[in-house]
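Shown next, in structure tokens, is the structure this report addresses.
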Amino acid sequence: MPTIRVAIAGATGYAGEELIRLLLHHPHVQLSYLAASAKWERPVPAADVFPRVAGRLSLPIEALDPARLAQSDLVFLALPHGSAMNLAPKLLEAGRRVVDLSGDFRLKDPSLYTTWYEAPHAAPSWLSSADVAYGLSEFYGPQVAKARLVANPGCYATSILLGCLPALEAGLINEGTIIVDAKSGLTGAGRKADDALLFSEMSENLRAYKVNAHQHAPEILQEIQRLTGRRARMFFVPQVVPARRGMVSMIYASTSATTEQVAAVYRQRYSPERTPCVRVRASGFPQMKDVVGTNLCDIGLLVDPALRQLLIVSALDNLTKGAAGQAIQNMNLMYGWPETTGLTG
């Protein structure tokens, strides 16, 4: 029997669609309200928007109504940046729990939010609240379990942090030498009209964008400092590739360790019992196709002893472990369920 009523705001986006797909299989969830934007004109059967749910979901997708959201036990906010910071405080005041998939509550410093998202934060007091947890569950599991609001990490941030944090924690790499070459599928940009994302523009193409200027960069550096005490520097090159979904981050850093020493640290930090959603390769490197459709992050490692250079390859699905799947993983922790509940089918 369902145990909590769950609403999704932003149900028509790629992350919203992925939340619907996954939550339909969750044994402790009853979907209670699917909202698009406030401009959505009339209720539309979810099966008309997403034919794959025909016969499995009778709810309509409706215009966003904050009062309707507050009738659920937990709300996923899969909305554009700038929307959640107005909605979330009202939901929290109504006693609801929230998982926010946008960037609105990831940064602790309001001035950083203003700089990177080009707007002042509407609820700055919540950014440093003990009731708000950063949802990288492999490192903040106890905080997530107690949180009223979880700031779901960005997809690039998840891939890069899971990739480099064990090496930084163990002091195996120089934090001033991190270079990241990351490639994402097209859905990472969201469901929107953008000439640069047209088939004719992206087919047989690869394009770098926001080089050293991506909004996930301050989030990554913030969490490295919080978790390791190190003020890292990073050269970050995000790229979009002609694939629907998936993400591979190649992380380079100088090291004096061997491949075996690095691998031993990662196997201990990411044991299957402790972190069931992260897998460390015994050899070779992960590919997009290894993780698409799963809530897994696969990691491969190699040290070139002559160059004293470490390569970390981190692969995940930008819509699942990088967004909706991780959001559900965080919900599971918030309610005391095994964190893979509903995510292993």
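Ordered as shown in the structure tokens, chains take letters A, B, and onward, while each chain numbers its residues from 1 and ligands are numbered from 1 in the order shown.
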
Please provide the set of residues having any atom within 10 Å of A:Glu219, restricted to only C-alpha atoms, with same-chain residues fewer than 4 positions apart removed, written as a list in words.
Gly103, Arg106, Leu107, Lys108, Leu112, Tyr113, Tyr134, Pro153, Gly154, Tyr156, Ala157, Thr158, Leu161, His214, Gln215, Glu223 and Ile224 of chain A

Write out, as a compact mmCIF listing (two decimals), in the first residue's frame, the residues just selected, with C-alpha atoms.
```
# COMPACT_ATOMS: atom_id res chain seq x y z
CA GLY A 103 20.01 25.20 -8.38
CA ARG A 106 22.60 24.35 -3.63
CA LEU A 107 24.86 27.32 -2.89
CA LYS A 108 25.28 28.41 0.73
CA LEU A 112 27.33 33.34 -5.15
CA TYR A 113 23.77 32.58 -6.21
CA TYR A 134 22.85 19.05 -0.10
CA PRO A 153 22.92 18.26 -6.91
CA GLY A 154 23.46 19.23 -10.52
CA TYR A 156 27.83 17.67 -13.70
CA ALA A 157 28.38 18.26 -9.98
CA THR A 158 27.27 14.72 -9.15
CA LEU A 161 32.20 15.16 -7.05
CA HIS A 214 29.11 26.82 -15.89
CA GLN A 215 26.79 27.31 -12.90
CA GLU A 223 31.37 20.94 -1.70
CA ILE A 224 35.04 20.04 -2.12
```

Q: Just list the residues in stretch 100-272 of chain A DSSP gives alpha helix (DSSP H) on the backbone, as a ChimeraX atom specification.
A: /A:110-117,137-146,155-169,199-202,216-228,259-269

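Checking A:Pro238, A:Gly300, A:Gly322, A:Pro60 one by one against A:Gly163, counting only C-alpha atoms, you find the shortest gap at A:Gly300.
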
- Task: Name all residues at most 12 Å from A:Arg68 (count only C-alpha atoms; drop same-chain ones fewer than 2 positions away) and give them as a PyMOL selection string.
- Result: chain A and resi 5-9+32-35+62-66+70-75+87+90-91+94+96

query: Nearest to A:Lys321: which of A:Pro89, A:Gly293, A:Pro110, A:Pro242 is it, counting only C-alpha atoms?
result: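 For A:Lys321, the nearest of the candidates is A:Gly293.
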
Requested in this report: Fewer than 5 positions away in the same chain doesn't count, so skip those; otherwise give me all residues within 12 Å of stretch 329-339 of chain A, counting only C-alpha atoms, as a VMD selection string.
Outcome: chain A and resid 3 to 4 6 19 22 to 23 26 to 29 73 to 76 97 to 101 131 to 153 273 to 277 294 to 296 320 to 324 344

A straight line from atom CA of A:Gly325 to atom CA of A:Thr341 spans 10.3 Å

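Ranking A:Leu59, A:Cys155, A:Val44, A:Ala11 by their shortest atom-to-atom distance to A:Leu31, with only C-alpha atoms included, puts A:Leu59 first.
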
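Inside stretch 190-267 of chain A, the residues DSSP reads as strand (DSSP E or B) when given the backbone are Arg207, Ala208, Met234, Phe235, Phe236, Val237, Pro238, Gln239, Val240, Met247, Val248, Ser249, Met250, Ile251, Tyr252, Ala253, Ser254 and Thr255 of chain A.
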
Those same residues, written as a CSV table (one decimal), in the first residue's frame with C-alpha atoms?
```csv
chain,number,residue,atom,x,y,z
A,207,ARG,CA,30.2,21.5,-28.8
A,208,ALA,CA,31.9,23.0,-25.8
A,234,MET,CA,39.3,23.6,-11.4
A,235,PHE,CA,39.5,24.1,-15.2
A,236,PHE,CA,36.0,22.9,-16.3
A,237,VAL,CA,35.1,22.2,-19.9
A,238,PRO,CA,31.4,21.1,-20.3
A,239,GLN,CA,30.4,19.8,-23.7
A,240,VAL,CA,27.2,18.6,-25.3
A,247,MET,CA,27.2,11.9,-19.1
A,248,VAL,CA,30.9,11.1,-18.9
A,249,SER,CA,33.4,13.3,-17.0
A,250,MET,CA,37.1,12.8,-17.4
A,251,ILE,CA,38.9,14.3,-14.5
A,252,TYR,CA,42.7,14.9,-14.6
A,253,ALA,CA,45.0,15.6,-11.6
A,254,SER,CA,48.6,15.1,-10.6
A,255,THR,CA,49.4,12.4,-8.1
```
